[in-house]
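Enquirer: Below you'll find the structure I mean.
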Amino acid sequence: MKYISTRGQSPALSFTEILLGGLAPDGGLYLPEQYPQLSDADLTRLRGMNYRDLAFSILSLLADDIPPADLRAIVDKTYRADVYAYARPEQNAEDITPTLKLEDNLYLLSLSNGPTLAFKDMAMQLLGNLFEYVLAKKGETTNILGATSGDTGSAAEYAMRGKKGVKVFMLSPHKKMSRFQTAQMFSLQDENIFNIAVNGVFDDAQDIVKAVSNDAAFKARNKIGAVNSINWARVAAQVVYYFKGYFAVTRSNTEKVSFAVPSGNFGNVCAGHVARMMGLPIDKLVVATNENDVLDEFFKTGVYRPRGSANTYHTSSPSMDISKASNFERFVFDLTGRDAAKVRALWSKVDQGGAFDLNEDGLFAQVADYGFVSGSSNHAARMQTIRETQAKYGVTIDTHTADGLKVALQVREPAIPMLVLETALPVKFEDAIQEALGHKPERPASLQGLEDLPQRFEVMDADVQAIKQFIVDHTAD
Ligand SMILES: *Cc1c(COP(=O)(O)O)cnc(C)c1O
């Protein structure tokens, strides 16, 4: 399997060759040259597999340059019940992504039972083990630099902690994350993890990462890497749970199901698109946004109009406060019939701060063929959905999942099972749950007192030079 760029001007490479990088050299995103095709007999063979067997079967199609025995070991080490331990009492942690039935044909697919209680652990934990494996094989090391407003940074740190050959430098806005998120990250004592609390807001931290990334010489000399949401291995890892969810609620491959996906960067739902292209019988892929509704606007009108940070709202589903969906280009590449010249033309507008309209050449009419529908939510709807879900089903859901469920209820068809992807657990967003329900969600015993643990972090000014120096000082072997 070779991977090609959506912009068509980079050489085709294998899975492990693109693993450590981000964008392709031509600025595009990697996708398989062709999607593997699963037959009815293949689906029947996969049905009934446990998570590890399923993950191995699917990933071996996408990561076929890793020897099977090695991939097997990586998958077995990653998807363990003791790593995805926050399953609800009525769920089986061995399922890794168990379903929870709300009513007939309406389910949650729990993706947030990993160490940081958000779905990003599903891919990031695999990435940690893949990075360690590939770096050891090549005899290399990497220094991951990132900026986080909460979920991504902690998922990356919990995935990379203690990994040989990897150091993590994670910038976060000083005193701007929730107490829980801060404690989750800063309580890590691993020597390869460096938390840098930047005096400023998230954009200041993000700008520093961009400035360092634009300094090619510094980047090469200090082996700076990234684990951002466009990383193909993250998308590949996420494909697996669409299969797991499908098999959990169907008895035969003639049945279709729909998935509702709380979306920001389009990474999660992009994996659903890939699963569908591989032959999984998906009816609808429901793209649910919050008040930052760039994707909803596109799927309703055909106009893609990313917004700047001044027009990106801070909401109570903060991990979806994104106005430029970095993985969206992957879908548009497929929509254009994989016309790289067309994608280049469209993104030459986007990359200059502009928009594009796919009605102009009739492409928008074809979006429905890919199963996409969309909707958006807002604070009031989110609070109401959390309250109603508690009252009707006795289940507490977080704010992001509430956005997914709200839109799912608007678009579902009664005869087709709808799985709402649960992208975070409610304990992560205690204040919003308090507002909706009048009390805080229950905390698992292992997380009690998290905020009282000793914290390890460095406060620094938003000064690119100083942060570069910090990296240099802490990477000398
Ligand atoms: C990252 C995140 C999302 C958005 O996922 P994308 O892949 O960026 O679309 C939704 N919910 C939660 C809780 C997240 O952390």
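In the structure tokens, the first chain shown is A, the next is B, and so on; residue numbers restart at 1 for each chain, and ligands run from 1 in the order shown.
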What are the closest atom pairs, with distances in Å to one decimal, for all residues of chain A lying within 7 Å of ligand 1? Consider only C-alpha atoms and all ligand atoms, order rows by chain and residue number, and present the result as JSON lines.
Expert:
```
{"residue": "A:Ala118", "atom": "CA", "partner": "ligand 1", "partner_atom_place_in_ligand_line": "13 (C)", "distance": 5.4}
{"residue": "A:Phe119", "atom": "CA", "partner": "ligand 1", "partner_atom_place_in_ligand_line": "15 (O)", "distance": 6.3}
{"residue": "A:Lys120", "atom": "CA", "partner": "ligand 1", "partner_atom_place_in_ligand_line": "15 (O)", "distance": 6.1}
{"residue": "A:Asp151", "atom": "CA", "partner": "ligand 1", "partner_atom_place_in_ligand_line": "15 (O)", "distance": 5.2}
{"residue": "A:Thr152", "atom": "CA", "partner": "ligand 1", "partner_atom_place_in_ligand_line": "15 (O)", "distance": 6.7}
{"residue": "A:Ser229", "atom": "CA", "partner": "ligand 1", "partner_atom_place_in_ligand_line": "7 (O)", "distance": 6.9}
{"residue": "A:Pro262", "atom": "CA", "partner": "ligand 1", "partner_atom_place_in_ligand_line": "10 (C)", "distance": 5.0}
{"residue": "A:Ser263", "atom": "CA", "partner": "ligand 1", "partner_atom_place_in_ligand_line": "9 (O)", "distance": 3.5}
{"residue": "A:Gly264", "atom": "CA", "partner": "ligand 1", "partner_atom_place_in_ligand_line": "9 (O)", "distance": 3.7}
{"residue": "A:Asn265", "atom": "CA", "partner": "ligand 1", "partner_atom_place_in_ligand_line": "8 (O)", "distance": 3.4}
{"residue": "A:Phe266", "atom": "CA", "partner": "ligand 1", "partner_atom_place_in_ligand_line": "9 (O)", "distance": 3.7}
{"residue": "A:Gly267", "atom": "CA", "partner": "ligand 1", "partner_atom_place_in_ligand_line": "7 (O)", "distance": 3.4}
{"residue": "A:Asn268", "atom": "CA", "partner": "ligand 1", "partner_atom_place_in_ligand_line": "7 (O)", "distance": 3.9}
{"residue": "A:Val269", "atom": "CA", "partner": "ligand 1", "partner_atom_place_in_ligand_line": "9 (O)", "distance": 6.4}
{"residue": "A:Ser319", "atom": "CA", "partner": "ligand 1", "partner_atom_place_in_ligand_line": "14 (C)", "distance": 4.7}
{"residue": "A:Met320", "atom": "CA", "partner": "ligand 1", "partner_atom_place_in_ligand_line": "4 (C)", "distance": 5.1}
{"residue": "A:His400", "atom": "CA", "partner": "ligand 1", "partner_atom_place_in_ligand_line": "11 (N)", "distance": 5.2}
{"residue": "A:Thr423", "atom": "CA", "partner": "ligand 1", "partner_atom_place_in_ligand_line": "13 (C)", "distance": 4.4}
{"residue": "A:Ala424", "atom": "CA", "partner": "ligand 1", "partner_atom_place_in_ligand_line": "13 (C)", "distance": 4.4}
```
Enquirer: Near Lys163 (chain A), within 12 Å and counting only C-alpha atoms, which residues show up once chain neighbours fewer than 5 positions away are dropped, as a list in words?
Expert: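 My list of contacting residues is Gln125, Leu127, Gly128, Asn129, Leu130, Phe131, Glu132, Tyr133, Val134, Leu135, Ala136, Thr141, Thr142, Asn143, Ile144, Ala156, Glu157, Tyr158, Val168, Asp190, Glu191, Asn192 and Ile193 of chain A.
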Enquirer: Name the residues in contact with region 378-388 of chain A at a cut-off of 9 Å, using only C-alpha atoms, excluding same-chain residues fewer than 3 positions from it; report them as a short mmCIF file (atom, residue, chain, number, x, y, z; two decimals) with C-alpha atoms, in the first residue's frame.
Expert:
```cif
data_model
loop_
_atom_site.label_atom_id
_atom_site.label_comp_id
_atom_site.auth_asym_id
_atom_site.auth_seq_id
_atom_site.Cartn_x
_atom_site.Cartn_y
_atom_site.Cartn_z
CA THR A 289 -20.86 20.87 15.02
CA ASN A 290 -21.25 23.36 17.85
CA GLU A 291 -21.67 27.11 17.34
CA THR A 315 -18.15 27.30 23.67
CA SER A 316 -19.08 24.72 26.27
CA SER A 317 -17.94 21.98 23.86
CA ALA A 391 -33.97 11.99 32.68
CA LYS A 392 -34.96 9.56 29.92
CA TYR A 393 -32.13 7.04 30.02
CA VAL A 395 -27.11 8.30 31.38
CA THR A 396 -24.84 11.32 31.88
CA ILE A 397 -23.17 12.50 28.67
CA ASP A 398 -20.58 15.21 28.11
CA THR A 399 -21.13 18.40 26.13
CA HIS A 400 -19.50 17.19 22.88
CA THR A 401 -21.46 13.95 22.84
CA ALA A 402 -24.58 16.02 23.54
CA ASP A 403 -23.99 17.96 20.32
CA LEU A 405 -26.89 13.27 20.02
CA LYS A 406 -28.84 16.47 19.43
CA ALA A 432 -20.92 22.25 32.27
CA ILE A 433 -22.51 19.16 33.81
CA GLU A 435 -24.80 23.79 35.04
CA ALA A 436 -27.01 21.30 33.20
CA LEU A 437 -27.87 18.91 36.01
#
```
Enquirer: Would you please give, as an mmCIF file with N, CA and C atoms, in the first residue's frame, all residues of region 69-133 of chain A that DSSP assigns to alpha helix (DSSP H) based on the backbone?
Expert:
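File written: states-v2.cif
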```cif
data_model
loop_
_atom_site.group_PDB
_atom_site.id
_atom_site.type_symbol
_atom_site.label_atom_id
_atom_site.label_comp_id
_atom_site.auth_asym_id
_atom_site.auth_seq_id
_atom_site.Cartn_x
_atom_site.Cartn_y
_atom_site.Cartn_z
ATOM 1 N N ALA A 69 3.884 -9.891 12.583
ATOM 2 C CA ALA A 69 4.115 -10.231 14.002
ATOM 3 C C ALA A 69 4.364 -8.959 14.817
ATOM 4 N N ASP A 70 5.041 -7.990 14.216
ATOM 5 C CA ASP A 70 5.320 -6.734 14.922
ATOM 6 C C ASP A 70 4.040 -5.925 15.105
ATOM 7 N N LEU A 71 3.237 -5.856 14.039
ATOM 8 C CA LEU A 71 1.977 -5.105 14.132
ATOM 9 C C LEU A 71 1.068 -5.739 15.180
ATOM 10 N N ARG A 72 1.034 -7.060 15.170
ATOM 11 C CA ARG A 72 0.231 -7.798 16.151
ATOM 12 C C ARG A 72 0.621 -7.393 17.571
ATOM 13 N N ALA A 73 1.941 -7.364 17.825
ATOM 14 C CA ALA A 73 2.435 -7.029 19.169
ATOM 15 C C ALA A 73 2.063 -5.587 19.542
ATOM 16 N N ILE A 74 2.176 -4.665 18.567
ATOM 17 C CA ILE A 74 1.848 -3.256 18.830
ATOM 18 C C ILE A 74 0.366 -3.111 19.158
ATOM 19 N N VAL A 75 -0.475 -3.771 18.371
ATOM 20 C CA VAL A 75 -1.932 -3.686 18.591
ATOM 21 C C VAL A 75 -2.303 -4.305 19.944
ATOM 22 N N ASP A 76 -1.705 -5.448 20.262
ATOM 23 C CA ASP A 76 -2.041 -6.131 21.522
ATOM 24 C C ASP A 76 -1.639 -5.301 22.731
ATOM 25 N N LYS A 77 -0.519 -4.581 22.584
ATOM 26 C CA LYS A 77 -0.035 -3.747 23.679
ATOM 27 C C LYS A 77 -0.929 -2.509 23.856
ATOM 28 N N THR A 78 -1.529 -2.052 22.737
ATOM 29 C CA THR A 78 -2.295 -0.797 22.768
ATOM 30 C C THR A 78 -3.713 -0.981 23.292
ATOM 31 N N LYS A 120 -9.562 10.881 21.640
ATOM 32 C CA LYS A 120 -8.235 11.005 21.044
ATOM 33 C C LYS A 120 -7.273 9.925 21.530
ATOM 34 N N ASP A 121 -7.550 9.345 22.706
ATOM 35 C CA ASP A 121 -6.718 8.232 23.172
ATOM 36 C C ASP A 121 -6.767 7.037 22.220
ATOM 37 N N MET A 122 -7.887 6.852 21.514
ATOM 38 C CA MET A 122 -8.025 5.678 20.642
ATOM 39 C C MET A 122 -6.902 5.636 19.616
ATOM 40 N N ALA A 123 -6.586 6.795 19.040
ATOM 41 C CA ALA A 123 -5.536 6.846 18.032
ATOM 42 C C ALA A 123 -4.181 7.144 18.658
ATOM 43 N N MET A 124 -4.161 8.033 19.636
ATOM 44 C CA MET A 124 -2.874 8.499 20.159
ATOM 45 C C MET A 124 -2.122 7.372 20.859
ATOM 46 N N GLN A 125 -2.832 6.504 21.567
ATOM 47 C CA GLN A 125 -2.155 5.385 22.232
ATOM 48 C C GLN A 125 -1.468 4.484 21.208
ATOM 49 N N LEU A 126 -2.119 4.272 20.074
ATOM 50 C CA LEU A 126 -1.489 3.474 19.015
ATOM 51 C C LEU A 126 -0.268 4.207 18.464
ATOM 52 N N LEU A 127 -0.429 5.509 18.267
ATOM 53 C CA LEU A 127 0.665 6.315 17.718
ATOM 54 C C LEU A 127 1.906 6.241 18.620
ATOM 55 N N GLY A 128 1.696 6.289 19.933
ATOM 56 C CA GLY A 128 2.819 6.193 20.869
ATOM 57 C C GLY A 128 3.614 4.916 20.639
ATOM 58 N N ASN A 129 2.901 3.808 20.519
ATOM 59 C CA ASN A 129 3.592 2.529 20.328
ATOM 60 C C ASN A 129 4.191 2.409 18.931
ATOM 61 N N LEU A 130 3.517 2.974 17.924
ATOM 62 C CA LEU A 130 4.073 2.954 16.559
ATOM 63 C C LEU A 130 5.348 3.807 16.482
ATOM 64 N N PHE A 131 5.300 4.990 17.100
ATOM 65 C CA PHE A 131 6.478 5.872 17.083
ATOM 66 C C PHE A 131 7.676 5.163 17.710
ATOM 67 N N GLU A 132 7.458 4.582 18.893
ATOM 68 C CA GLU A 132 8.562 3.922 19.590
ATOM 69 C C GLU A 132 9.153 2.814 18.709
ATOM 70 N N TYR A 133 8.283 2.057 18.068
ATOM 71 C CA TYR A 133 8.714 0.943 17.219
ATOM 72 C C TYR A 133 9.519 1.435 16.017
#
```
Enquirer: DSSP says strand (DSSP E) for which residues of region 227-314 of chain A? Put them as a VMD selection string?
Expert: chain A and resid 257 to 262 282 to 289 303 to 304
Enquirer: Please provide the set of residues having any atom within 7 Å of region 326-335 of chain A, restricted to only C-alpha atoms, with same-chain residues fewer than 2 positions apart removed, written as a PDB file with all heavy atoms, in the first residue's frame.
Expert:
```pdb
ATOM      1  N   THR A   6      -2.957  14.560  -1.410  1.00  0.00           N
ATOM      2  CA  THR A   6      -4.148  15.171  -2.016  1.00  0.00           C
ATOM      3  C   THR A   6      -3.790  16.286  -2.996  1.00  0.00           C
ATOM      4  O   THR A   6      -4.647  16.732  -3.755  1.00  0.00           O
ATOM      5  CB  THR A   6      -5.047  15.788  -0.924  1.00  0.00           C
ATOM      6  OG1 THR A   6      -4.224  16.609  -0.094  1.00  0.00           O
ATOM      7  CG2 THR A   6      -5.709  14.709  -0.074  1.00  0.00           C
ATOM      8  N   LEU A  29      -2.387  16.270   2.108  1.00  0.00           N
ATOM      9  CA  LEU A  29      -2.552  15.235   3.135  1.00  0.00           C
ATOM     10  C   LEU A  29      -2.446  13.876   2.464  1.00  0.00           C
ATOM     11  O   LEU A  29      -2.878  13.711   1.316  1.00  0.00           O
ATOM     12  CB  LEU A  29      -3.921  15.381   3.807  1.00  0.00           C
ATOM     13  CG  LEU A  29      -4.052  16.464   4.878  1.00  0.00           C
ATOM     14  CD1 LEU A  29      -3.974  17.854   4.261  1.00  0.00           C
ATOM     15  CD2 LEU A  29      -5.372  16.312   5.605  1.00  0.00           C
ATOM     16  N   ILE A 230      -3.903  15.707  11.458  1.00  0.00           N
ATOM     17  CA  ILE A 230      -3.839  15.260  10.057  1.00  0.00           C
ATOM     18  C   ILE A 230      -2.952  14.026   9.884  1.00  0.00           C
ATOM     19  O   ILE A 230      -2.886  13.471   8.802  1.00  0.00           O
ATOM     20  CB  ILE A 230      -3.283  16.367   9.143  1.00  0.00           C
ATOM     21  CG1 ILE A 230      -1.956  16.884   9.703  1.00  0.00           C
ATOM     22  CG2 ILE A 230      -4.286  17.487   8.971  1.00  0.00           C
ATOM     23  CD1 ILE A 230      -1.038  17.383   8.654  1.00  0.00           C
ATOM     24  N   ASN A 265     -12.074  19.124  13.654  1.00  0.00           N
ATOM     25  CA  ASN A 265     -11.085  19.042  12.577  1.00  0.00           C
ATOM     26  C   ASN A 265     -11.440  18.021  11.501  1.00  0.00           C
ATOM     27  O   ASN A 265     -10.634  17.758  10.611  1.00  0.00           O
ATOM     28  CB  ASN A 265      -9.715  18.703  13.153  1.00  0.00           C
ATOM     29  CG  ASN A 265      -8.893  19.947  13.391  1.00  0.00           C
ATOM     30  OD1 ASN A 265      -8.935  20.877  12.593  1.00  0.00           O
ATOM     31  ND2 ASN A 265      -8.150  19.981  14.476  1.00  0.00           N
ATOM     32  N   PHE A 266     -12.599  17.377  11.613  1.00  0.00           N
ATOM     33  CA  PHE A 266     -13.053  16.405  10.616  1.00  0.00           C
ATOM     34  C   PHE A 266     -12.192  15.137  10.621  1.00  0.00           C
ATOM     35  O   PHE A 266     -12.235  14.339   9.689  1.00  0.00           O
ATOM     36  CB  PHE A 266     -13.030  17.048   9.212  1.00  0.00           C
ATOM     37  CG  PHE A 266     -13.968  16.411   8.211  1.00  0.00           C
ATOM     38  CD1 PHE A 266     -15.326  16.626   8.265  1.00  0.00           C
ATOM     39  CD2 PHE A 266     -13.483  15.605   7.183  1.00  0.00           C
ATOM     40  CE1 PHE A 266     -16.194  16.048   7.328  1.00  0.00           C
ATOM     41  CE2 PHE A 266     -14.333  15.025   6.240  1.00  0.00           C
ATOM     42  CZ  PHE A 266     -15.690  15.252   6.322  1.00  0.00           C
ATOM     43  N   GLY A 267     -11.418  14.921  11.694  1.00  0.00           N
ATOM     44  CA  GLY A 267     -10.560  13.735  11.732  1.00  0.00           C
ATOM     45  C   GLY A 267     -11.356  12.480  12.038  1.00  0.00           C
ATOM     46  O   GLY A 267     -11.208  11.440  11.373  1.00  0.00           O
ATOM     47  N   CYS A 270     -13.773  11.648   9.249  1.00  0.00           N
ATOM     48  CA  CYS A 270     -12.998  11.248   8.064  1.00  0.00           C
ATOM     49  C   CYS A 270     -12.699   9.741   8.132  1.00  0.00           C
ATOM     50  O   CYS A 270     -12.740   9.041   7.113  1.00  0.00           O
ATOM     51  CB  CYS A 270     -11.698  12.055   7.990  1.00  0.00           C
ATOM     52  SG  CYS A 270     -10.719  11.709   6.525  1.00  0.00           S
ATOM     53  N   LYS A 324     -11.452  25.723  10.956  1.00  0.00           N
ATOM     54  CA  LYS A 324     -10.702  25.344   9.762  1.00  0.00           C
ATOM     55  C   LYS A 324     -10.459  23.859   9.929  1.00  0.00           C
ATOM     56  O   LYS A 324      -9.631  23.457  10.747  1.00  0.00           O
ATOM     57  CB  LYS A 324      -9.383  26.124   9.741  1.00  0.00           C
ATOM     58  CG  LYS A 324      -8.762  26.252   8.388  1.00  0.00           C
ATOM     59  CD  LYS A 324      -7.572  27.194   8.464  1.00  0.00           C
ATOM     60  CE  LYS A 324      -7.220  27.714   7.088  1.00  0.00           C
ATOM     61  NZ  LYS A 324      -6.138  28.702   7.143  1.00  0.00           N
ATOM     62  N   GLY A 337     -13.225  13.109  -7.348  1.00  0.00           N
ATOM     63  CA  GLY A 337     -12.729  11.991  -8.156  1.00  0.00           C
ATOM     64  C   GLY A 337     -11.204  11.941  -8.120  1.00  0.00           C
ATOM     65  O   GLY A 337     -10.572  11.518  -9.067  1.00  0.00           O
ATOM     66  N   ARG A 338     -10.637  12.414  -6.999  1.00  0.00           N
ATOM     67  CA  ARG A 338      -9.183  12.398  -6.754  1.00  0.00           C
ATOM     68  C   ARG A 338      -8.435  13.237  -7.784  1.00  0.00           C
ATOM     69  O   ARG A 338      -7.421  12.823  -8.347  1.00  0.00           O
ATOM     70  CB  ARG A 338      -8.673  10.958  -6.680  1.00  0.00           C
ATOM     71  CG  ARG A 338      -9.431  10.141  -5.638  1.00  0.00           C
ATOM     72  CD  ARG A 338      -8.684   8.909  -5.194  1.00  0.00           C
ATOM     73  NE  ARG A 338      -8.660   8.809  -3.736  1.00  0.00           N
ATOM     74  CZ  ARG A 338      -7.811   8.066  -3.048  1.00  0.00           C
ATOM     75  NH1 ARG A 338      -6.905   7.346  -3.667  1.00  0.00           N
ATOM     76  NH2 ARG A 338      -7.847   8.042  -1.747  1.00  0.00           N
ATOM     77  N   ASP A 339      -8.970  14.421  -7.984  1.00  0.00           N
ATOM     78  CA  ASP A 339      -8.396  15.377  -8.933  1.00  0.00           C
ATOM     79  C   ASP A 339      -7.495  16.348  -8.151  1.00  0.00           C
ATOM     80  O   ASP A 339      -7.963  17.345  -7.592  1.00  0.00           O
ATOM     81  CB  ASP A 339      -9.560  16.117  -9.610  1.00  0.00           C
ATOM     82  CG  ASP A 339      -9.089  17.129 -10.644  1.00  0.00           C
ATOM     83  OD1 ASP A 339      -7.884  17.473 -10.656  1.00  0.00           O
ATOM     84  OD2 ASP A 339      -9.951  17.587 -11.435  1.00  0.00           O
ATOM     85  N   ALA A 340      -6.188  16.035  -8.098  1.00  0.00           N
ATOM     86  CA  ALA A 340      -5.252  16.809  -7.274  1.00  0.00           C
ATOM     87  C   ALA A 340      -5.144  18.260  -7.755  1.00  0.00           C
ATOM     88  O   ALA A 340      -4.992  19.180  -6.951  1.00  0.00           O
ATOM     89  CB  ALA A 340      -3.881  16.145  -7.252  1.00  0.00           C
ATOM     90  N   VAL A 343      -7.995  20.085  -6.272  1.00  0.00           N
ATOM     91  CA  VAL A 343      -7.785  20.322  -4.841  1.00  0.00           C
ATOM     92  C   VAL A 343      -6.785  21.470  -4.638  1.00  0.00           C
ATOM     93  O   VAL A 343      -6.992  22.344  -3.795  1.00  0.00           O
ATOM     94  CB  VAL A 343      -7.300  19.031  -4.134  1.00  0.00           C
ATOM     95  CG1 VAL A 343      -6.843  19.325  -2.696  1.00  0.00           C
ATOM     96  CG2 VAL A 343      -8.411  17.983  -4.130  1.00  0.00           C
TER      97      VAL A 343
END
```
Enquirer: Any idea what's packed within 12 Å of Ala24 (chain A), counting only C-alpha atoms, ignoring anything in its chain fewer than 4 positions away? Could you give it as a PyMOL selection string?
Expert: chain A and resi 3-13+17-20+28-31+230-232
Enquirer: Suppose we keep N, CA and C atoms; can you now write the selection as a PDB file, in the first residue's frame?
Expert:
```
ATOM      1  N   TYR A   3       0.960   5.574  -0.155  1.00  0.00           N
ATOM      2  CA  TYR A   3       0.164   6.751   0.184  1.00  0.00           C
ATOM      3  C   TYR A   3       0.531   7.917  -0.728  1.00  0.00           C
ATOM      4  N   ILE A   4      -0.510   8.576  -1.220  1.00  0.00           N
ATOM      5  CA  ILE A   4      -0.300   9.708  -2.127  1.00  0.00           C
ATOM      6  C   ILE A   4      -0.845  10.984  -1.470  1.00  0.00           C
ATOM      7  N   SER A   5      -0.407  12.115  -1.976  1.00  0.00           N
ATOM      8  CA  SER A   5      -0.836  13.406  -1.419  1.00  0.00           C
ATOM      9  C   SER A   5      -2.064  13.918  -2.162  1.00  0.00           C
ATOM     10  N   THR A   6      -2.957  14.560  -1.410  1.00  0.00           N
ATOM     11  CA  THR A   6      -4.148  15.171  -2.016  1.00  0.00           C
ATOM     12  C   THR A   6      -3.790  16.286  -2.996  1.00  0.00           C
ATOM     13  N   ARG A   7      -2.540  16.759  -2.950  1.00  0.00           N
ATOM     14  CA  ARG A   7      -2.148  17.820  -3.889  1.00  0.00           C
ATOM     15  C   ARG A   7      -1.332  17.272  -5.053  1.00  0.00           C
ATOM     16  N   GLY A   8      -1.066  15.962  -5.034  1.00  0.00           N
ATOM     17  CA  GLY A   8      -0.546  15.274  -6.219  1.00  0.00           C
ATOM     18  C   GLY A   8       0.886  15.574  -6.603  1.00  0.00           C
ATOM     19  N   GLN A   9       1.642  16.253  -5.744  1.00  0.00           N
ATOM     20  CA  GLN A   9       2.997  16.625  -6.148  1.00  0.00           C
ATOM     21  C   GLN A   9       4.063  16.134  -5.175  1.00  0.00           C
ATOM     22  N   SER A  10       3.746  15.036  -4.492  1.00  0.00           N
ATOM     23  CA  SER A  10       4.718  14.411  -3.593  1.00  0.00           C
ATOM     24  C   SER A  10       4.859  12.953  -3.993  1.00  0.00           C
ATOM     25  N   PRO A  11       6.034  12.368  -3.759  1.00  0.00           N
ATOM     26  CA  PRO A  11       6.204  10.954  -4.109  1.00  0.00           C
ATOM     27  C   PRO A  11       5.312  10.051  -3.255  1.00  0.00           C
ATOM     28  N   ALA A  12       4.886   8.924  -3.811  1.00  0.00           N
ATOM     29  CA  ALA A  12       4.101   7.944  -3.059  1.00  0.00           C
ATOM     30  C   ALA A  12       5.014   7.242  -2.062  1.00  0.00           C
ATOM     31  N   LEU A  13       4.534   7.098  -0.825  1.00  0.00           N
ATOM     32  CA  LEU A  13       5.355   6.521   0.246  1.00  0.00           C
ATOM     33  C   LEU A  13       4.563   5.457   1.000  1.00  0.00           C
ATOM     34  N   GLU A  17       6.832   5.249   6.289  1.00  0.00           N
ATOM     35  CA  GLU A  17       7.543   6.432   5.781  1.00  0.00           C
ATOM     36  C   GLU A  17       6.776   7.733   6.046  1.00  0.00           C
ATOM     37  N   ILE A  18       5.459   7.651   6.127  1.00  0.00           N
ATOM     38  CA  ILE A  18       4.692   8.884   6.400  1.00  0.00           C
ATOM     39  C   ILE A  18       4.333   9.015   7.876  1.00  0.00           C
ATOM     40  N   LEU A  19       4.641   7.970   8.665  1.00  0.00           N
ATOM     41  CA  LEU A  19       4.184   7.936  10.066  1.00  0.00           C
ATOM     42  C   LEU A  19       4.626   9.146  10.877  1.00  0.00           C
ATOM     43  N   LEU A  20       5.893   9.516  10.792  1.00  0.00           N
ATOM     44  CA  LEU A  20       6.430  10.533  11.700  1.00  0.00           C
ATOM     45  C   LEU A  20       6.178  11.953  11.213  1.00  0.00           C
ATOM     46  N   GLY A  28      -0.105  18.893   0.920  1.00  0.00           N
ATOM     47  CA  GLY A  28      -1.322  18.080   0.939  1.00  0.00           C
ATOM     48  C   GLY A  28      -1.343  17.086   2.085  1.00  0.00           C
ATOM     49  N   LEU A  29      -2.387  16.270   2.108  1.00  0.00           N
ATOM     50  CA  LEU A  29      -2.552  15.235   3.135  1.00  0.00           C
ATOM     51  C   LEU A  29      -2.446  13.876   2.464  1.00  0.00           C
ATOM     52  N   TYR A  30      -1.914  12.912   3.188  1.00  0.00           N
ATOM     53  CA  TYR A  30      -1.765  11.579   2.615  1.00  0.00           C
ATOM     54  C   TYR A  30      -3.055  10.770   2.685  1.00  0.00           C
ATOM     55  N   LEU A  31      -3.287  10.004   1.635  1.00  0.00           N
ATOM     56  CA  LEU A  31      -4.385   9.028   1.601  1.00  0.00           C
ATOM     57  C   LEU A  31      -3.880   7.779   0.875  1.00  0.00           C
ATOM     58  N   ILE A 230      -3.903  15.707  11.458  1.00  0.00           N
ATOM     59  CA  ILE A 230      -3.839  15.260  10.057  1.00  0.00           C
ATOM     60  C   ILE A 230      -2.952  14.026   9.884  1.00  0.00           C
ATOM     61  N   ASN A 231      -2.292  13.604  10.960  1.00  0.00           N
ATOM     62  CA  ASN A 231      -1.436  12.416  10.874  1.00  0.00           C
ATOM     63  C   ASN A 231      -2.259  11.213  10.399  1.00  0.00           C
ATOM     64  N   TRP A 232      -1.826  10.575   9.323  1.00  0.00           N
ATOM     65  CA  TRP A 232      -2.628   9.498   8.729  1.00  0.00           C
ATOM     66  C   TRP A 232      -2.848   8.333   9.696  1.00  0.00           C
TER      67      TRP A 232
END
```
Enquirer: Do you know which residues are at most 10 Å from Thr44 (chain A) counting only C-alpha atoms, after dropping those on the same chain fewer than 6 positions away, and could you put them as a list in words?
Expert: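 Once the nearby chain positions are removed, what remains is Leu38, Phe247, Arg251, Ser252 and Asn253 of chain A.
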Enquirer: Mind pulling up the distance from CA of Pro454 (chain A) to CA of Gln189 (chain A)?
Expert: 8.7 Å
Enquirer: Could you state the separation of CA of Glu451 (chain A) and CA of Val227 (chain A) in Å, given to one decimal place?
Expert: 26.4 Å
